[in-house]
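Okay, so here's the structure we're looking at.
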There are 2 protein chains.
Amino acid sequence: MKETKHDQRMIREHHLLLLFKIIKRNGPISRAELAKKTQMSATSASRIVKELIDQNFVDETGQTEGNVGRRATLLKINPSGALIIGINIDLESIEVGIVDLDGNVILKKDRDIDLSLPPTEVLDRVVELVASIKAQIGELSNRIIGCGVSIPGIVEWPQGRVVMIPQFHWANVEIRKYLEEKIGMTVLVDNQVKAILLGESLYGSVVGVDHAACIFVGSGVGGAFMDKGEVIRGSKNIAGEIGHTTIDPDGSLCDCGRFGCLQTFICASALEKESGKPIHEIFAAEQQQEVWAVKMLDRAAEYLSMAISNVVCTYNPEAVVLVGPMIDQHPQWVKKVEQKCKRYLWDNFDRMLEIRYPHIGSHAGIVGASCLVLREFLESPISK
Amino acid sequence: MKETKHDQRMIREHHLLLLFKIIKRNGPISRAELAKKTQMSATSASRIVKELIDQNFVDETGQTEGNVGRRATLLKINPSGALIIGINIDLESIEVGIVDLDGNVILKKDRDIDLSLPPTEVLDRVVELVASIKAQIGELSNRIIGCGVSIPGIVEWPQGRVVMIPQFHWANVEIRKYLEEKIGMTVLVDNQVKAILLGESLYGSVVGVDHAACIFVGSGVGGAFMDKGEVIRGSKNIAGEIGHTTIDPDGSLCDCGRFGCLQTFICASALEKESGKPIHEIFAAEQQQEVWAVKMLDRAAEYLSMAISNVVCTYNPEAVVLVGPMIDQHPQWVKKVEQKCKRYLWDNFDRMLEIRYPHIGSHAGIVGASCLVLREFLESPISK
C-alpha cells in the first residue's frame with residue numbers, strides 16, 4: 001500500500017530525534033545496528049539517516065572492522081554540522097552562547113542585566129549580544145538553525161509569551177515575537193528549569209532516563225518533569241511549578257502574591273527577606289553555629305527533602321537532578337538534604353529514587369535553551 | 001517508497017484509538033470527514049476504518065443526505081460489537097459488570113468483600129463472579145475481549161502487580177497473573193483513580209479534554225492526571241498519589257506508615273479515626289453546629305481546596321473531576337470547597353481551571369476498568 005505524506009511526516013517526527021539520540025549515545029554505529037535498536041525496517045532507518053546526513057547533523061566515519069560479513073559504514077554526530085544560539089536570561093545576567101551538536105559552548109558572551117529597564121530594552125540588549133556573537137563567528141553563522149531562550153517564570157509554550165516572572169516584575173511579554181522580529185530567525189522560549197532538564201536529558205546526568213526530574217533551588221524554587229521522555233507541560237506550560245504549591249496557608253508572603261508557598265521556606269530570596277541578611281551571611285552564620293541560622297537552614301533542608309519525597313508521589317521519576325546556586329554552592333547543606341530525604345520517602349520507594357547533580361555546570365541555561373531548538377528542529381516543522 | 005510493517009504498526013497504534021474516539025463523539029460521520037479531522041490521507045483513514053469494522057467496533061449506517069456531490073457512507077460505533085468485563089474491587093464490595101462500547105453496563109453482579117481472607121481467596125470470589133456473569137450472557141460472552149480491574153492502591157503497570165494497598169493490608173499481590181490463569185483471558189489491572197479518569201475521559205465529564213485531572217476523596221485521597229491525553233504514570237505507576245504527599249511533618253500517622261500525609265486531613269477514614277465517630281455522624285454533628293465537627297470539616301475543605309490549587313501548579317490541567325463518596329454524598333461541603341479554592345488559586349490561573357463532577361456515576365469503577373482494556377486493545381497488541 002502506498003505511503004502517504006502524512007504517514008511519512010509522522011514517522012519522521014517520531015524517529016529523527018530518536019535516531020539522533022541513539023547515534024549520540026552509541027556512535028560510531030552502523031545503520032543495521034540502528035535499525036535493530038529501534039525495531040525499524042532497514043529502509044525506514046536509512047531514509048531517516050539520509051535526512052540527518054543531508055542536514056549535516058550526522059557524518060559517515062569509516063567502517064566496521066568485523067571478521068565476517070559485509071563491512072558496514074559507521075555513523076556519528078557531526079558536532080559543528082549545525083549550531084544553535086542558546087540564551088539564558090536570569091536575575092544576574094544575560095548570557096548568549098553558540099552551542100554545537102555535542103552540547104559544547106564554543107563561544108559565549110554575557111552582560112549584567114538591568115531589571116530597572118522596561119522588558120523590551122532588556123530584550124534589545126539580548127539582540128545586541130546575538131548580533132555581536134554572530135559577527136564574531138563570521139561564516140560559521142550560516143550554520144545557525146535557531147535561537148533558544150531560557151528564562152525563569154511562566155512562559156506559554158510554544159508561543160513564547162511570558163505570562164509572569166514575579167522576580168523580574170514582568171507580565172505579558174511577547175518574548176518570542178519580539179526577538180524573532182529583531183533577530184530574523186526562529187526563537188523558542190521556555191521556562192529555565194524545563195530547559196535545564198532538556199539539556200541534562202540530552203547531554204548530561206539523565207541521558208536515557210525516561211522519567212527524569214529537575215528541581216532548581218536558587219532565588220526561587222522550580223521543577224520540571226518528564227514522563228516517557230516528554231516534558232510534562234499541562235495546558236499552559238505551568239506544570240512543574242512546585243515552588244508555588246501552598247504548604248502552609250498561614251505562612252509568609254511569597255513574591256507571587258500568595259502565602260506559604262513551598263519556596264518561601266527554601267529559596268535564597270525568601271531566606272534573605274526573612275533574616276534581613278544576604279544568603280552567604282546566613283550560611284556563614286550557620287558555620288559559626290548561630291542558632292537562628294542553624295534553624296533556618298535546617299528548616300530549609302527539611303522542606304526541600306519533603307518536596308523531593310512529594311515529587312516521588314506526584315510524578316514518580318527514576319532520578320531527580322538538583323540544580324541551582326543553593327545546590328552548587330553549599331555541598332554540606334545538600335548532604336543534609338539527602339540524609340533528611342530518608343525520613344520522608346515512602347519505605348517501598350526508598351531505593352526507587354536517585355538523586356543526581358548536573359553534568360553541564362555553569363552553561364546549563366545556555367545549553368538547555370539550545371536543546372529547545374534542537375528538539376523542535378528534529379521533531380517537527382520548526383515554525384509554529 | 002514501500003511502507004514497512006513497522007511503519008504500519010506505528011500508524012495503527014496512533015490512529016485506531018483516535019478514530020474510535022472521533023467516531024464516538026461525532027458519529028455518524030463519513031470517512032472523508034474523519035480524514036479531514038485527523039489530517040490523515042483518505043487511504044490511511046480508510047484502512048484504519050476497515051480494521052475497526054473488521055473488529056465489529058464500528059458499523060456503516062446509511063449515507064449523507066447532502067444536495068451536492070457523491071453520497072458518502074456514514075460510520076458509527078457498534079455498541080455491542082465488543083464487550084469488556086469491568087471489575088471494581090474496593091473496601092466495601094467486589095463489582096463485576098459487562099460493559100459495551102458505549103460505556104454502558106449491560107449486566108452487573110456484586111458481593112461484599114471479606115478483607116479478613118487472604119488476597120488469593122478474595123480474588124477467587126472475583127473469578128466466581130466472572131464465571132457467573134459470563135454464564136448469564138450465554139453466547140454473547142464470545143464477544144468479550146478482556147477483563148479490566150480497578151483497585152485502590154499502588155499497582156505496577158502493565159504487570160498488574162499490587163505493590164501495596166494500605167487499606168487492604170495487601171502487598172506484593174500478582175493480581176493480573178493470578179486472574180489471567182483462572183479466567184483464561186487478558187486481564188489489565190490499574191489504580192482505581194486512574195481507571196475512573198480513563199472512563200470519564202472516554203465516556204464522561206472530560207471527553208476531549210487533553211489535560212484532565214481526577215481527585216478521589218473517600219476512604220483515601222488519590223489523584224490521576226493526563227498530559228496530552230495520556231495518563232501520567234511515572235516509572236512505577238505511582239505518579240498521581242497526591243494523598244500521600246507530606247503536608248505537615250508533625251501531623252498524624254497515615255495508614256501508609258508516615259506522618260502528616262495530605263489525606264490525613266481530608267479522607268473519611270482519617271476523620272473517623274481522629275473523631276472516633278463514623279463519617280455520617282461527623283456530617284450530622286456539623287449540621288447541628290457542633291463546634292468540633294464544624295472545625296474538622298472546615299479544615300478538611302480547606303486542605304482539599306489547597307490540594308486542588310496545588311494540582312494547578314504541578315500538573316496544570318484544564319479541568320479537575322472531583323469523585324468519591326465524600327464528594328457524592330456531601331454537596332454542601334463540596335460547595336464550600338469550591339468557594340475556598342478562590343483563596344488559593346493563583347490570580348492568573350483562577351479562570352483556567354474548571355471543577356467538574358463525574359458523569360458516569362455509581363458504575364465509574366467498572367466502566368473505568370473496561371477502558372483499560374479498550375485503550376490497550378486499540379493502541380497496541382494486547383498481550384504484554
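The way I read the labels, and the way they are meant: chains A, B, ... in the order of the C-alpha cells, residue 1 as the first residue of every chain, and ligand 1 as the first ligand shown, with later ones counted on from there.
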
Restrict the distance test to only C-alpha atoms, flag each residue of chain B within 7 Å of chain A, and return the flagged residues as a PyMOL selection string.
chain B and resi 1-4+6+40-41+211+227+232+234-236+238-242+244-247+306+310+313-318

Strand (DSSP E or B) residues, from DSSP on the backbone, in stretch 140-326 of chain B, as JSON, numbers by chain:
{"B": [144, 145, 146, 147, 148, 149, 150, 151, 154, 155, 161, 162, 163, 164, 165, 170, 171, 172, 173, 174, 187, 188, 189, 190, 191, 212, 213, 214, 215, 216, 217, 221, 222, 223, 224, 225, 226, 227, 230, 231, 246, 253, 259, 261, 319, 320, 321, 322, 323]}

Atoms to include: C-alpha atoms. Write the selected residues as a compact mmCIF listing (two decimals), in the first residue's frame.
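Just written: part-v6.txt:
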```
# COMPACT_ATOMS: atom_id res chain seq x y z
CA ILE B 144 -15.67 -10.37 25.38
CA ILE B 145 -12.22 -9.01 24.52
CA GLY B 146 -10.76 -8.89 28.04
CA CYS B 147 -11.12 -8.02 31.72
CA GLY B 148 -10.15 -4.76 33.37
CA VAL B 149 -9.67 -4.42 37.12
CA SER B 150 -9.76 -1.20 39.09
CA ILE B 151 -8.45 -1.32 42.66
CA ILE B 154 -0.33 1.17 44.01
CA VAL B 155 -0.33 -1.20 41.07
CA ARG B 161 1.11 -6.47 40.50
CA VAL B 162 -0.27 -4.73 43.58
CA VAL B 163 2.70 -3.14 45.29
CA MET B 164 0.64 -2.09 48.29
CA ILE B 165 -2.92 -1.31 49.30
CA TRP B 170 -2.15 -6.14 50.85
CA ALA B 171 1.39 -6.08 49.49
CA ASN B 172 3.01 -7.78 46.50
CA VAL B 173 -0.08 -9.47 45.08
CA GLU B 174 0.21 -10.63 41.46
CA VAL B 187 -6.64 -9.07 32.49
CA LEU B 188 -5.39 -5.50 32.93
CA VAL B 189 -5.17 -4.05 36.44
CA ASP B 190 -4.77 -0.39 37.37
CA ASN B 191 -5.20 2.01 40.22
CA ALA B 212 -7.63 16.33 32.58
CA ALA B 213 -7.32 15.52 36.27
CA CYS B 214 -9.28 13.43 38.72
CA ILE B 215 -9.19 13.73 42.50
CA PHE B 216 -10.85 10.98 44.52
CA VAL B 217 -11.97 11.66 48.09
CA VAL B 221 -7.38 10.61 48.71
CA GLY B 222 -5.97 9.80 45.28
CA GLY B 223 -5.27 11.60 42.04
CA ALA B 224 -4.84 10.81 38.38
CA PHE B 225 -3.62 13.18 35.67
CA MET B 226 -3.44 13.27 31.91
CA ASP B 227 -0.98 15.24 29.81
CA GLU B 230 -2.06 10.22 28.17
CA VAL B 231 -2.16 9.18 31.83
CA THR B 246 3.58 15.14 53.14
CA LEU B 253 0.00 8.94 61.40
CA PHE B 259 3.10 11.27 59.18
CA CYS B 261 0.11 12.99 54.53
CA ALA B 319 -10.38 20.50 34.31
CA VAL B 320 -10.41 18.58 37.59
CA VAL B 321 -13.10 15.96 38.16
CA LEU B 322 -13.91 15.51 41.86
CA VAL B 323 -15.12 11.99 42.61
```

So that I can see what lies close to A:Ser370, please list as a list in words the residues with an atom at most 10 Å from it, counting only C-alpha atoms and leaving out residues fewer than 6 positions away in the same chain.
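What passes the distance filter is Leu83, Ile84, Ile85, Gly86, Ile87, Asn88, Gly97, Ile98, Val99, Asp100, Leu101, Gly103, Val105, Ile145, Gly146, Cys147, Gly148, Val149, Ser150, Leu188, Ala195, Ile196, Leu198, Gly199 and Ala364 of chain A.
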
Check the smallest atom-to-atom distance from each of A:Ile29, A:Val207, A:Ala82, A:Ile183 to A:Gly62 using only C-alpha atoms, then report the winner.
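With only C-alpha atoms as the atom set, the closest residue is A:Ile29.
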
Selected residue of minimal separation from A:Asn78 among A:Gln288, A:Asn142, A:Gln55, A:Ser30, counting only C-alpha atoms:
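Looking only at the distances to A:Asn78, the closest residue turns out to be A:Gln55.
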
Please give the complete set of residues from stretch 206-363 of chain B that DSSP, run on the backbone, assigns to alpha helix (DSSP H), formatted as number ranges by chain.
B: 268-275, 279-287, 291-314, 325-328, 331-344

Just to confirm, what's the straight-line distance from atom CA of A:Val127 to atom CA of A:Gly218 in Å (one decimal)?
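A separation of 26.3 Å between them.
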
Within 8 Å of A:Asp102, counting only C-alpha atoms, which residues show up once you throw out same-chain ones fewer than 4 positions away? Write them as a list in words, please.
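Contacts, with the query itself left out: Lys24, Ile77, Pro79 and Tyr203 of chain A.
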
How far is it from atom CA of A:Ile23 to atom CA of A:Val49, in Å with one decimal?
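So the two atoms, atom CA of A:Ile23 and atom CA of A:Val49, lie 9.8 Å apart.
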
Quick one: residues within 12 Å of B:Pro118, only C-alpha atoms counted, chain neighbours fewer than 4 positions away excluded, as number ranges by chain?
B: 113-114, 122-125, 168-171, 173
